[in-house]
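Colleague: My file is upload20.pdb. It has PDB, C-alpha atoms:
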MODEL        1
ATOM      1  CA  MET W   1    -113.110  50.241 134.910
ATOM      2  CA  LYS W   2    -116.322  51.515 133.378
ATOM      3  CA  GLY W   3    -119.716  50.313 134.461
ATOM      4  CA  MET W   4    -121.698  47.594 132.776
ATOM      5  CA  SER W   5    -124.887  48.020 130.732
ATOM      6  CA  THR W   6    -128.137  49.585 131.927
ATOM      7  CA  ILE W   7    -129.766  46.184 132.465
ATOM      8  CA  VAL W   8    -127.010  45.088 134.863
ATOM      9  CA  LYS W   9    -127.136  48.424 136.694
ATOM     10  CA  THR W  10    -130.926  48.217 137.149
ATOM     11  CA  ILE W  11    -130.812  44.634 138.400
ATOM     12  CA  ALA W  12    -127.979  45.535 140.801
ATOM     13  CA  ASN W  13    -129.969  48.536 142.093
ATOM     14  CA  ILE W  14    -132.973  46.296 142.739
ATOM     15  CA  GLY W  15    -130.989  43.487 144.309
ATOM     16  CA  PHE W  16    -128.674  45.537 146.514
ATOM     17  CA  PRO W  17    -131.248  46.635 149.197
ATOM     18  CA  ILE W  18    -132.630  43.102 149.484
ATOM     19  CA  ILE W  19    -129.164  41.579 149.945
ATOM     20  CA  THR W  20    -128.213  44.272 152.477
ATOM     21  CA  ILE W  21    -131.375  43.811 154.528
ATOM     22  CA  TYR W  22    -130.876  40.042 154.550
ATOM     23  CA  GLY W  23    -127.261  40.389 155.653
ATOM     24  CA  LEU W  24    -128.161  42.823 158.430
ATOM     25  CA  TYR W  25    -130.890  40.409 159.539
ATOM     26  CA  VAL W  26    -128.353  37.579 159.717
ATOM     27  CA  ILE W  27    -126.052  39.786 161.825
ATOM     28  CA  ALA W  28    -128.785  41.005 164.180
ATOM     29  CA  HIS W  29    -130.267  37.530 164.692
ATOM     30  CA  GLY W  30    -126.875  35.879 165.074
ATOM     31  CA  HIS W  31    -127.714  34.444 168.483
ATOM     32  CA  LEU W  32    -131.102  33.083 167.383
ATOM     33  CA  THR W  33    -130.825  31.718 163.856
ATOM     34  CA  PRO W  34    -127.931  30.185 161.905
ATOM     35  CA  GLY W  35    -125.357  32.764 160.944
ATOM     36  CA  GLY W  36    -123.571  35.462 162.819
ATOM     37  CA  GLY W  37    -121.221  38.353 162.357
ATOM     38  CA  PHE W  38    -118.923  36.793 159.792
ATOM     39  CA  GLN W  39    -121.676  35.262 157.653
ATOM     40  CA  GLY W  40    -123.875  38.363 157.598
ATOM     41  CA  GLY W  41    -120.877  40.597 156.958
ATOM     42  CA  ALA W  42    -119.867  38.437 154.006
ATOM     43  CA  ILE W  43    -123.413  38.736 152.596
ATOM     44  CA  VAL W  44    -123.475  42.544 152.931
ATOM     45  CA  ALA W  45    -119.972  42.810 151.473
ATOM     46  CA  SER W  46    -120.990  40.662 148.495
ATOM     47  CA  GLY W  47    -123.930  43.018 147.877
ATOM     48  CA  LEU W  48    -121.540  45.981 147.931
ATOM     49  CA  ALA W  49    -119.191  44.117 145.581
ATOM     50  CA  LEU W  50    -122.141  43.541 143.224
ATOM     51  CA  LEU W  51    -122.752  47.296 143.203
ATOM     52  CA  ALA W  52    -119.049  47.975 142.617
ATOM     53  CA  VAL W  53    -118.825  45.530 139.696
ATOM     54  CA  ALA W  54    -122.048  46.784 138.089
ATOM     55  CA  HIS W  55    -121.495  50.542 138.383
ATOM     56  CA  GLY W  56    -117.768  50.707 137.791
ATOM     57  CA  THR W  57    -114.893  51.723 139.984
ATOM     58  CA  SER W  58    -114.931  55.487 139.511
ATOM     59  CA  TRP W  59    -118.595  55.724 140.598
ATOM     60  CA  VAL W  60    -117.859  53.810 143.823
ATOM     61  CA  GLU W  61    -114.640  55.738 144.363
ATOM     62  CA  SER W  62    -116.603  58.999 144.330
ATOM     63  CA  LYS W  63    -118.967  57.661 147.014
ATOM     64  CA  VAL W  64    -116.688  55.949 149.529
ATOM     65  CA  LYS W  65    -112.990  56.205 150.306
ATOM     66  CA  GLU W  66    -110.907  53.195 151.224
ATOM     67  CA  HIS W  67    -109.420  55.157 154.119
ATOM     68  CA  ASP W  68    -112.867  55.281 155.791
ATOM     69  CA  LEU W  69    -113.295  51.549 155.280
ATOM     70  CA  SER W  70    -109.979  50.856 157.027
ATOM     71  CA  MET W  71    -111.090  53.068 159.889
ATOM     72  CA  LEU W  72    -114.427  51.220 160.198
ATOM     73  CA  GLU W  73    -112.622  47.902 160.198
ATOM     74  CA  SER W  74    -110.292  49.005 162.974
ATOM     75  CA  LEU W  75    -113.337  50.280 164.876
ATOM     76  CA  GLY W  76    -114.957  46.836 164.643
ATOM     77  CA  ALA W  77    -111.793  45.092 165.821
ATOM     78  CA  LEU W  78    -111.418  47.560 168.716
ATOM     79  CA  GLY W  79    -115.059  46.995 169.706
ATOM     80  CA  PHE W  80    -114.562  43.235 169.702
ATOM     81  CA  ILE W  81    -111.392  43.320 171.833
ATOM     82  CA  GLY W  82    -112.883  46.034 174.036
ATOM     83  CA  LEU W  83    -115.895  43.825 174.788
ATOM     84  CA  ALA W  84    -113.544  40.973 175.633
ATOM     85  CA  PHE W  85    -111.556  43.206 178.013
ATOM     86  CA  LEU W  86    -114.810  44.507 179.543
ATOM     87  CA  GLY W  87    -115.563  40.870 180.335
ATOM     88  CA  LEU W  88    -112.183  40.647 182.068
ATOM     89  CA  LEU W  89    -112.980  43.813 184.006
ATOM     90  CA  MET W  90    -116.567  43.094 185.026
ATOM     91  CA  GLY W  91    -117.002  39.323 184.803
ATOM     92  CA  GLY W  92    -113.614  38.151 185.971
ATOM     93  CA  ALA W  93    -112.511  36.353 182.804
ATOM     94  CA  PHE W  94    -111.500  37.257 179.262
ATOM     95  CA  PHE W  95    -114.555  36.906 176.958
ATOM     96  CA  SER W  96    -116.809  36.515 179.997
ATOM     97  CA  ASN W  97    -120.475  37.122 179.215
ATOM     98  CA  PHE W  98    -121.032  39.803 181.845
ATOM     99  CA  LEU W  99    -124.278  41.183 180.418
ATOM    100  CA  VAL W 100    -126.413  38.083 180.757
ATOM    101  CA  ASP W 101    -128.977  38.013 183.571
ATOM    102  CA  THR W 102    -128.823  41.773 184.180
ATOM    103  CA  SER W 103    -131.379  44.486 183.576
ATOM    104  CA  MET W 104    -129.345  46.101 180.807
ATOM    105  CA  LEU W 105    -129.827  45.838 177.046
ATOM    106  CA  PHE W 106    -129.582  42.253 175.749
ATOM    107  CA  GLY W 107    -129.581  41.125 179.379
ATOM    108  CA  ALA W 108    -132.855  39.223 179.712
ATOM    109  CA  ILE W 109    -132.907  35.502 180.402
ATOM    110  CA  PRO W 110    -134.854  33.266 178.019
ATOM    111  CA  VAL W 111    -138.158  31.902 179.314
ATOM    112  CA  ASP W 112    -138.749  28.181 178.683
ATOM    113  CA  GLY W 113    -135.623  27.937 176.539
ATOM    114  CA  ALA W 114    -136.928  30.372 173.921
ATOM    115  CA  ALA W 115    -134.540  33.262 173.432
ATOM    116  CA  ASN W 116    -135.611  36.472 171.732
ATOM    117  CA  ILE W 117    -133.852  39.496 170.266
ATOM    118  CA  ASN W 118    -133.226  40.996 173.719
ATOM    119  CA  THR W 119    -131.316  38.030 175.195
ATOM    120  CA  GLY W 120    -127.780  36.864 174.665
ATOM    121  CA  GLY W 121    -125.669  39.190 176.791
ATOM    122  CA  THR W 122    -122.574  40.299 174.899
ATOM    123  CA  LEU W 123    -123.206  37.951 171.957
ATOM    124  CA  PRO W 124    -125.272  40.419 169.853
ATOM    125  CA  LEU W 125    -122.795  43.232 170.555
ATOM    126  CA  MET W 126    -119.882  41.016 169.477
ATOM    127  CA  ASN W 127    -121.883  40.037 166.395
ATOM    128  CA  PHE W 128    -122.329  43.702 165.519
ATOM    129  CA  ALA W 129    -118.615  44.425 166.033
ATOM    130  CA  VAL W 130    -117.463  41.453 163.959
ATOM    131  CA  GLY W 131    -120.101  42.221 161.304
ATOM    132  CA  LEU W 132    -118.868  45.804 160.953
ATOM    133  CA  LYS W 133    -115.300  44.535 160.747
ATOM    134  CA  VAL W 134    -116.073  41.933 158.092
ATOM    135  CA  ILE W 135    -118.214  44.300 155.956
ATOM    136  CA  ALA W 136    -115.532  46.993 155.956
ATOM    137  CA  GLY W 137    -112.625  44.573 155.554
ATOM    138  CA  LEU W 138    -113.954  42.482 152.681
ATOM    139  CA  PHE W 139    -115.314  45.502 150.804
ATOM    140  CA  ALA W 140    -111.977  47.284 151.315
ATOM    141  CA  ILE W 141    -110.219  44.329 149.670
ATOM    142  CA  VAL W 142    -112.576  44.390 146.653
ATOM    143  CA  LEU W 143    -112.473  48.196 146.332
ATOM    144  CA  VAL W 144    -108.690  48.468 146.586
ATOM    145  CA  MET W 145    -108.160  45.745 143.992
ATOM    146  CA  ALA W 146    -110.683  47.416 141.676
ATOM    147  CA  ILE W 147    -108.996  50.823 142.041
ATOM    148  CA  ALA W 148    -105.532  49.337 141.451
ATOM    149  CA  THR W 149    -106.559  47.497 138.276
ATOM    150  CA  ASN W 150    -108.424  50.599 137.077
ATOM    151  CA  LYS W 151    -105.390  52.875 137.395
ATOM    152  CA  GLU W 152    -103.181  50.301 135.752
ATOM    153  CA  GLU W 153    -105.405  50.223 132.699
ATOM    154  CA  ASP W 154    -105.214  53.816 131.547
TER     155      ASP W 154
ATOM    156  CA  MET L   1    -133.087   8.038 153.785
ATOM    157  CA  ILE L   2    -131.975   6.364 150.538
ATOM    158  CA  LEU L   3    -132.715   9.666 148.798
ATOM    159  CA  LEU L   4    -130.397  11.518 151.188
ATOM    160  CA  ASP L   5    -127.616   9.007 150.544
ATOM    161  CA  ALA L   6    -128.101   9.443 146.799
ATOM    162  CA  ILE L   7    -127.858  13.234 147.188
ATOM    163  CA  HIS L   8    -124.665  12.824 149.205
ATOM    164  CA  ILE L   9    -123.173  10.931 146.266
ATOM    165  CA  ILE L  10    -124.597  13.085 143.460
ATOM    166  CA  LEU L  11    -123.594  16.483 144.866
ATOM    167  CA  PRO L  12    -119.819  15.766 145.125
ATOM    168  CA  LEU L  13    -119.913  14.257 141.629
ATOM    169  CA  LEU L  14    -121.518  17.458 140.309
ATOM    170  CA  MET L  15    -118.861  19.459 142.172
ATOM    171  CA  ILE L  16    -116.091  17.449 140.495
ATOM    172  CA  VAL L  17    -117.767  17.949 137.099
ATOM    173  CA  SER L  18    -118.014  21.719 137.530
ATOM    174  CA  ALA L  19    -114.407  21.899 138.760
ATOM    175  CA  LEU L  20    -113.285  20.001 135.633
ATOM    176  CA  ILE L  21    -115.353  22.378 133.480
ATOM    177  CA  ALA L  22    -113.634  25.308 135.185
ATOM    178  CA  VAL L  23    -110.245  23.809 134.327
ATOM    179  CA  TYR L  24    -111.031  22.974 130.684
ATOM    180  CA  LEU L  25    -112.843  26.147 129.621
ATOM    181  CA  LYS L  26    -110.782  28.711 127.712
ATOM    182  CA  ASP L  27    -113.193  31.582 128.373
ATOM    183  CA  LEU L  28    -112.122  32.802 131.795
ATOM    184  CA  VAL L  29    -115.458  34.431 132.726
ATOM    185  CA  ALA L  30    -117.243  31.147 132.026
ATOM    186  CA  ALA L  31    -114.613  29.324 134.102
ATOM    187  CA  THR L  32    -115.259  31.756 136.965
ATOM    188  CA  ILE L  33    -118.986  31.049 136.785
ATOM    189  CA  ALA L  34    -118.253  27.308 136.859
ATOM    190  CA  LEU L  35    -116.104  27.847 139.960
ATOM    191  CA  ALA L  36    -118.954  29.798 141.579
ATOM    192  CA  SER L  37    -121.379  26.973 140.821
ATOM    193  CA  MET L  38    -118.961  24.528 142.452
ATOM    194  CA  SER L  39    -118.901  26.742 145.530
ATOM    195  CA  LEU L  40    -122.701  26.925 145.584
ATOM    196  CA  LEU L  41    -122.966  23.123 145.353
ATOM    197  CA  LEU L  42    -120.477  22.861 148.235
ATOM    198  CA  SER L  43    -122.634  25.182 150.335
ATOM    199  CA  LEU L  44    -125.686  23.033 149.496
ATOM    200  CA  GLU L  45    -123.751  19.971 150.668
ATOM    201  CA  PHE L  46    -122.883  21.768 153.924
ATOM    202  CA  TYR L  47    -126.568  22.600 154.374
ATOM    203  CA  ILE L  48    -127.594  18.975 153.882
ATOM    204  CA  LEU L  49    -124.935  17.947 156.414
ATOM    205  CA  GLN L  50    -126.764  20.240 158.897
ATOM    206  CA  ALA L  51    -124.121  22.965 159.127
ATOM    207  CA  PRO L  52    -126.096  26.057 158.041
ATOM    208  CA  ASP L  53    -123.542  28.484 159.517
ATOM    209  CA  VAL L  54    -120.761  27.137 157.305
ATOM    210  CA  ALA L  55    -123.171  27.010 154.364
ATOM    211  CA  ILE L  56    -123.985  30.723 154.639
ATOM    212  CA  ALA L  57    -120.299  31.629 154.970
ATOM    213  CA  GLU L  58    -119.376  29.456 151.993
ATOM    214  CA  ALA L  59    -122.144  30.903 149.821
ATOM    215  CA  GLY L  60    -121.219  34.485 150.725
ATOM    216  CA  VAL L  61    -117.451  34.222 150.418
ATOM    217  CA  GLY L  62    -117.009  31.439 147.867
ATOM    218  CA  ALA L  63    -119.817  32.130 145.447
ATOM    219  CA  ALA L  64    -120.077  35.914 145.591
ATOM    220  CA  LEU L  65    -116.885  37.623 146.756
ATOM    221  CA  THR L  66    -114.399  35.325 145.001
ATOM    222  CA  THR L  67    -116.375  35.680 141.766
ATOM    223  CA  ALA L  68    -116.381  39.476 142.086
ATOM    224  CA  ILE L  69    -112.620  39.622 142.695
ATOM    225  CA  LEU L  70    -111.881  37.224 139.815
ATOM    226  CA  ILE L  71    -114.120  39.190 137.431
ATOM    227  CA  LEU L  72    -112.349  42.421 138.434
ATOM    228  CA  ALA L  73    -109.018  40.748 137.695
ATOM    229  CA  ILE L  74    -110.253  39.415 134.338
ATOM    230  CA  LYS L  75    -111.539  42.845 133.301
ATOM    231  CA  ALA L  76    -108.062  44.263 133.941
ATOM    232  CA  THR L  77    -106.382  41.554 131.838
ATOM    233  CA  LYS L  78    -107.580  39.446 128.905
ATOM    234  CA  ARG L  79    -110.756  37.402 128.746
ATOM    235  CA  THR L  80    -109.567  34.264 126.955
ATOM    236  CA  GLU L  81    -106.796  31.941 127.970
ATOM    237  CA  GLU L  82    -103.947  31.676 125.485
ATOM    238  CA  GLU L  83    -103.021  28.418 123.833
ATOM    239  CA  GLU L  84     -99.656  27.092 124.937
ATOM    240  CA  GLU L  85     -96.885  26.740 122.359
TER     241      GLU L  85
ATOM    242  CA  MET B   1     -87.611  13.198 131.833
ATOM    243  CA  ASN B   2     -88.516   9.501 131.812
ATOM    244  CA  GLN B   3     -86.759   8.915 135.099
ATOM    245  CA  ARG B   4     -88.593  11.865 136.541
ATOM    246  CA  ASN B   5     -91.937  10.424 135.430
ATOM    247  CA  ILE B   6     -91.154   7.116 137.107
ATOM    248  CA  LEU B   7     -90.209   8.933 140.283
ATOM    249  CA  ALA B   8     -93.431  10.924 140.192
ATOM    250  CA  ALA B   9     -95.495   7.780 139.588
ATOM    251  CA  ALA B  10     -93.868   6.020 142.551
ATOM    252  CA  PHE B  11     -94.459   9.019 144.774
ATOM    253  CA  LEU B  12     -98.095   9.286 143.691
ATOM    254  CA  THR B  13     -98.610   5.582 144.336
ATOM    255  CA  ILE B  14     -97.265   5.959 147.860
ATOM    256  CA  VAL B  15     -99.556   8.936 148.482
ATOM    257  CA  ALA B  16    -102.551   7.073 147.024
ATOM    258  CA  VAL B  17    -101.919   4.013 149.211
ATOM    259  CA  PHE B  18    -101.584   6.258 152.247
ATOM    260  CA  LEU B  19    -104.854   8.043 151.459
ATOM    261  CA  MET B  20    -106.661   4.748 150.801
ATOM    262  CA  PHE B  21    -105.524   3.326 154.123
ATOM    263  CA  SER B  22    -106.634   6.448 155.946
ATOM    264  CA  ALA B  23    -109.984   6.256 154.133
ATOM    265  CA  LEU B  24    -110.381   2.603 155.095
ATOM    266  CA  PHE B  25    -109.661   3.233 158.766
ATOM    267  CA  MET B  26    -111.674   6.444 158.891
ATOM    268  CA  HIS B  27    -113.811   7.207 161.855
ATOM    269  CA  PRO B  28    -117.544   6.407 161.484
ATOM    270  CA  PHE B  29    -119.506   9.325 160.148
ATOM    271  CA  GLY B  30    -121.382  11.321 162.788
ATOM    272  CA  GLU B  31    -119.730   9.763 165.853
ATOM    273  CA  PRO B  32    -117.063  12.089 167.287
ATOM    274  CA  THR B  33    -114.244  10.609 169.334
ATOM    275  CA  SER B  34    -114.763  12.669 172.460
ATOM    276  CA  GLN B  35    -118.153  14.112 173.247
ATOM    277  CA  ALA B  36    -117.725  15.010 176.905
ATOM    278  CA  MET B  37    -118.097  18.723 176.187
ATOM    279  CA  ASP B  38    -121.003  18.386 173.727
ATOM    280  CA  GLN B  39    -123.704  17.477 176.177
ATOM    281  CA  TYR B  40    -122.672  20.234 178.596
ATOM    282  CA  ILE B  41    -122.899  22.871 175.882
ATOM    283  CA  ILE B  42    -126.207  21.515 174.560
ATOM    284  CA  ASP B  43    -127.708  21.532 178.050
ATOM    285  CA  ASN B  44    -126.381  24.845 179.348
ATOM    286  CA  THR B  45    -126.230  27.146 176.312
ATOM    287  CA  VAL B  46    -129.672  28.690 176.755
ATOM    288  CA  GLY B  47    -129.311  29.156 180.494
ATOM    289  CA  GLU B  48    -125.770  30.501 180.582
ATOM    290  CA  THR B  49    -125.599  32.708 177.499
ATOM    291  CA  GLY B  50    -129.243  33.307 176.611
ATOM    292  CA  ALA B  51    -128.771  32.337 172.976
ATOM    293  CA  ASN B  52    -130.693  29.741 170.995
ATOM    294  CA  ASN B  53    -127.944  29.372 168.413
ATOM    295  CA  GLY B  54    -125.413  27.101 170.060
ATOM    296  CA  VAL B  55    -122.777  27.711 167.416
ATOM    297  CA  THR B  56    -122.710  31.449 168.072
ATOM    298  CA  SER B  57    -122.521  30.907 171.810
ATOM    299  CA  VAL B  58    -119.540  28.594 171.334
ATOM    300  CA  VAL B  59    -117.824  30.895 168.833
ATOM    301  CA  PHE B  60    -118.235  34.121 170.787
ATOM    302  CA  ASP B  61    -118.419  32.942 174.373
ATOM    303  CA  TYR B  62    -117.066  29.499 175.216
ATOM    304  CA  ARG B  63    -114.283  29.588 172.616
ATOM    305  CA  GLY B  64    -113.803  33.314 172.172
ATOM    306  CA  PHE B  65    -110.062  33.019 171.632
ATOM    307  CA  ASP B  66    -110.645  31.202 168.339
ATOM    308  CA  THR B  67    -112.698  34.116 167.080
ATOM    309  CA  LEU B  68    -109.992  36.523 168.254
ATOM    310  CA  GLY B  69    -107.485  34.605 166.124
ATOM    311  CA  GLU B  70    -109.836  34.633 163.166
ATOM    312  CA  ALA B  71    -110.350  38.388 163.519
ATOM    313  CA  THR B  72    -106.564  38.829 163.633
ATOM    314  CA  VAL B  73    -106.194  36.792 160.436
ATOM    315  CA  LEU B  74    -108.807  38.913 158.650
ATOM    316  CA  PHE B  75    -107.247  42.148 159.900
ATOM    317  CA  THR B  76    -103.796  41.075 158.723
ATOM    318  CA  ALA B  77    -105.129  40.062 155.305
ATOM    319  CA  VAL B  78    -106.965  43.351 154.804
ATOM    320  CA  ALA B  79    -104.009  45.411 156.021
ATOM    321  CA  SER B  80    -101.550  43.629 153.708
ATOM    322  CA  VAL B  81    -103.844  43.859 150.652
ATOM    323  CA  VAL B  82    -104.518  47.557 151.222
ATOM    324  CA  MET B  83    -100.821  48.259 151.729
ATOM    325  CA  LEU B  84     -99.806  46.328 148.591
ATOM    326  CA  PHE B  85    -102.377  47.848 146.254
ATOM    327  CA  ARG B  86    -102.088  51.381 147.568
ATOM    328  CA  ARG B  87     -98.452  51.262 146.464
ATOM    329  CA  LEU B  88     -99.576  50.009 143.045
ATOM    330  CA  LYS B  89    -102.069  52.836 142.581
ATOM    331  CA  LYS B  90     -99.479  55.629 142.408
TER     332      LYS B  90
ENDMDL
END
How would this structure read if it were set down as structure tokens?
Modeller:
Amino acid sequence: MKGMSTIVKTIANIGFPIITIYGLYVIAHGHLTPGGGFQGGAIVASGLALLAVAHGTSWVESKVKEHDLSMLESLGALGFIGLAFLGLLMGGAFFSNFLVDTSMLFGAIPVDGAANINTGGTLPLMNFAVGLKVIAGLFAIVLVMAIATNKEED
Amino acid sequence: MILLDAIHIILPLLMIVSALIAVYLKDLVAATIALASMSLLLSLEFYILQAPDVAIAEAGVGAALTTAILILAIKATKRTEEEEE
Amino acid sequence: MNQRNILAAAFLTIVAVFLMFSALFMHPFGEPTSQAMDQYIIDNTVGETGANNGVTSVVFDYRGFDTLGEATVLFTAVASVVMLFRRLKK
């Protein structure tokens, strides 16, 4: 599949960083504002899909391989399950929030019910893991379908 | 409060209208855009029902990713739907 | 063909009556049946998990198994799509 016109490419180039920054913000603030790993990952993946549709398949195929995306997705899933098992190991229960109320990263307790970016225990880490998984997974679906239809055409 | 009730009635009606447009259009790209607008209206309805998490997920997956996948599929096939018989 | 239409009309009528009855006896909007767990989560979310967003704390902490199932569903979908279309590419 060839790319679209110059107008579409320019608009996609302008819009892609804004969409990506917004999606990463939704992932990073998952424990404070509405959203979370899945929602932010879907936003970032839709920005990547916009780039893939605008610039054409062969351009994207030269930048990123679908094998790497599968590996990133497995890494996200392993991080998620690993955090759950770490809860079993250190907190006594599967999915236990062992990081809260400690002096480690993300371990602070909220003062007067107002949480900030450093609170939440394992929640931000799980958000990052699930966000990585969803970005890689959804973009892998779009990319693989684009490559398959491209090869079928010629 | 009467305005909110009116919006709760108007938004599903608009969703039904855009879904019918998506069924009746012969141009498949236009039908895809109608489907995306239905998804966006659904996410607006979720937001009014005070479920912003579901609204963000619906807007990201329903309005953006589904449209991208459908447009990729349409570019690999034909753009217009064929008349039956 | 005619007989089949009559059969379909009867079946659709039964389904419509069923749906209308369930719509008539629907639960009032905004009043869940059991809300024993709601108040506990609303009260203790900030203290126990340190998150302001209650939905995230439920999804990733109180009901983590649901998210594990969702992640499994996504992983299976991605794996099957990649496997199917990689075969198509060659």
Colleague: Please, what distance in Å, to one decimal, runs between atom CA of Ala36 of chain B and atom CA of Asp61 of chain B?
Modeller: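 That distance, rounded to one decimal, is 18.1 Å.
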Colleague: If we count all atoms listed in the file, which residues of chain L reach to within 8 Å of chain W? Please list them as a list in words.
Modeller: Pro52, Asp53, Ile56, Ala57, Gly60, Val61, Ala64, Leu65, Ala68, Ile69, Leu72, Ala73, Lys75 and Ala76 of chain L
Colleague: Do me a favour and pick out the residues of chain B within 10 Å of chain L, using only C-alpha atoms, as number ranges by chain.
Modeller: B: 30, 53, 55-56
Colleague: Determine which residues of chain B sit within 12 Å of chain W, taking into account all atoms listed in the file, and present them as a PDB file with C-alpha atoms, in the coordinates of the input.
Modeller:
ATOM      1  CA  ILE B  42    -126.207  21.515 174.560  1.00  0.00           C
ATOM      2  CA  ASP B  43    -127.708  21.532 178.050  1.00  0.00           C
ATOM      3  CA  ASN B  44    -126.381  24.845 179.348  1.00  0.00           C
ATOM      4  CA  THR B  45    -126.230  27.146 176.312  1.00  0.00           C
ATOM      5  CA  VAL B  46    -129.672  28.690 176.755  1.00  0.00           C
ATOM      6  CA  GLY B  47    -129.311  29.156 180.494  1.00  0.00           C
ATOM      7  CA  GLU B  48    -125.770  30.501 180.582  1.00  0.00           C
ATOM      8  CA  THR B  49    -125.599  32.708 177.499  1.00  0.00           C
ATOM      9  CA  GLY B  50    -129.243  33.307 176.611  1.00  0.00           C
ATOM     10  CA  ALA B  51    -128.771  32.337 172.976  1.00  0.00           C
ATOM     11  CA  ASN B  52    -130.693  29.741 170.995  1.00  0.00           C
ATOM     12  CA  ASN B  53    -127.944  29.372 168.413  1.00  0.00           C
ATOM     13  CA  GLY B  54    -125.413  27.101 170.060  1.00  0.00           C
ATOM     14  CA  VAL B  55    -122.777  27.711 167.416  1.00  0.00           C
ATOM     15  CA  THR B  56    -122.710  31.449 168.072  1.00  0.00           C
ATOM     16  CA  SER B  57    -122.521  30.907 171.810  1.00  0.00           C
ATOM     17  CA  VAL B  58    -119.540  28.594 171.334  1.00  0.00           C
ATOM     18  CA  VAL B  59    -117.824  30.895 168.833  1.00  0.00           C
ATOM     19  CA  PHE B  60    -118.235  34.121 170.787  1.00  0.00           C
ATOM     20  CA  ASP B  61    -118.419  32.942 174.373  1.00  0.00           C
ATOM     21  CA  TYR B  62    -117.066  29.499 175.216  1.00  0.00           C
ATOM     22  CA  ARG B  63    -114.283  29.588 172.616  1.00  0.00           C
ATOM     23  CA  GLY B  64    -113.803  33.314 172.172  1.00  0.00           C
ATOM     24  CA  PHE B  65    -110.062  33.019 171.632  1.00  0.00           C
ATOM     25  CA  ASP B  66    -110.645  31.202 168.339  1.00  0.00           C
ATOM     26  CA  THR B  67    -112.698  34.116 167.080  1.00  0.00           C
ATOM     27  CA  LEU B  68    -109.992  36.523 168.254  1.00  0.00           C
ATOM     28  CA  GLY B  69    -107.485  34.605 166.124  1.00  0.00           C
ATOM     29  CA  GLU B  70    -109.836  34.633 163.166  1.00  0.00           C
ATOM     30  CA  ALA B  71    -110.350  38.388 163.519  1.00  0.00           C
ATOM     31  CA  THR B  72    -106.564  38.829 163.633  1.00  0.00           C
ATOM     32  CA  VAL B  73    -106.194  36.792 160.436  1.00  0.00           C
ATOM     33  CA  LEU B  74    -108.807  38.913 158.650  1.00  0.00           C
ATOM     34  CA  PHE B  75    -107.247  42.148 159.900  1.00  0.00           C
ATOM     35  CA  THR B  76    -103.796  41.075 158.723  1.00  0.00           C
ATOM     36  CA  ALA B  77    -105.129  40.062 155.305  1.00  0.00           C
ATOM     37  CA  VAL B  78    -106.965  43.351 154.804  1.00  0.00           C
ATOM     38  CA  ALA B  79    -104.009  45.411 156.021  1.00  0.00           C
ATOM     39  CA  SER B  80    -101.550  43.629 153.708  1.00  0.00           C
ATOM     40  CA  VAL B  81    -103.844  43.859 150.652  1.00  0.00           C
ATOM     41  CA  VAL B  82    -104.518  47.557 151.222  1.00  0.00           C
ATOM     42  CA  MET B  83    -100.821  48.259 151.729  1.00  0.00           C
ATOM     43  CA  LEU B  84     -99.806  46.328 148.591  1.00  0.00           C
ATOM     44  CA  PHE B  85    -102.377  47.848 146.254  1.00  0.00           C
ATOM     45  CA  ARG B  86    -102.088  51.381 147.568  1.00  0.00           C
ATOM     46  CA  ARG B  87     -98.452  51.262 146.464  1.00  0.00           C
ATOM     47  CA  LEU B  88     -99.576  50.009 143.045  1.00  0.00           C
ATOM     48  CA  LYS B  89    -102.069  52.836 142.581  1.00  0.00           C
ATOM     49  CA  LYS B  90     -99.479  55.629 142.408  1.00  0.00           C
TER      50      LYS B  90
END
Colleague: Counting all atoms listed in the file, select every polymer residue within 9 Å of (-128.6, 42.0, 144.8) as defined in the file's coordinates, and provide the selection as an mmCIF file with C-alpha atoms, keeping the file's coordinate frame.
Modeller:
data_model
loop_
_atom_site.group_PDB
_atom_site.id
_atom_site.type_symbol
_atom_site.label_atom_id
_atom_site.label_comp_id
_atom_site.auth_asym_id
_atom_site.auth_seq_id
_atom_site.Cartn_x
_atom_site.Cartn_y
_atom_site.Cartn_z
ATOM 1 C CA ILE W 11 -130.812 44.634 138.400
ATOM 2 C CA ALA W 12 -127.979 45.535 140.801
ATOM 3 C CA ASN W 13 -129.969 48.536 142.093
ATOM 4 C CA ILE W 14 -132.973 46.296 142.739
ATOM 5 C CA GLY W 15 -130.989 43.487 144.309
ATOM 6 C CA PHE W 16 -128.674 45.537 146.514
ATOM 7 C CA PRO W 17 -131.248 46.635 149.197
ATOM 8 C CA ILE W 18 -132.630 43.102 149.484
ATOM 9 C CA ILE W 19 -129.164 41.579 149.945
ATOM 10 C CA THR W 20 -128.213 44.272 152.477
ATOM 11 C CA SER W 46 -120.990 40.662 148.495
ATOM 12 C CA GLY W 47 -123.930 43.018 147.877
ATOM 13 C CA LEU W 48 -121.540 45.981 147.931
ATOM 14 C CA LEU W 50 -122.141 43.541 143.224
ATOM 15 C CA LEU W 51 -122.752 47.296 143.203
#
Colleague: Please measure the separation of atom CA of Met37 of chain B and atom CA of Leu88 of chain W, giving the value in Å to one decimal.
Modeller: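 Distance reported for this atom pair: 23.5 Å.
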Colleague: One decimal, Å: what's the distance from atom CA of Ile27 of chain W over to atom CA of Trp59 of chain W, could you say?
Modeller: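 Atom CA of Trp59 of chain W lies at a distance of 27.6 Å from atom CA of Ile27 of chain W.
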Colleague: Output the residue selection produced by the PyMOL selection byres ((chain L and resi 81-83) around 12) on the file above, formatted as a ChimeraX atom specification.
Modeller: /L:22-31,74,77-80,84-85
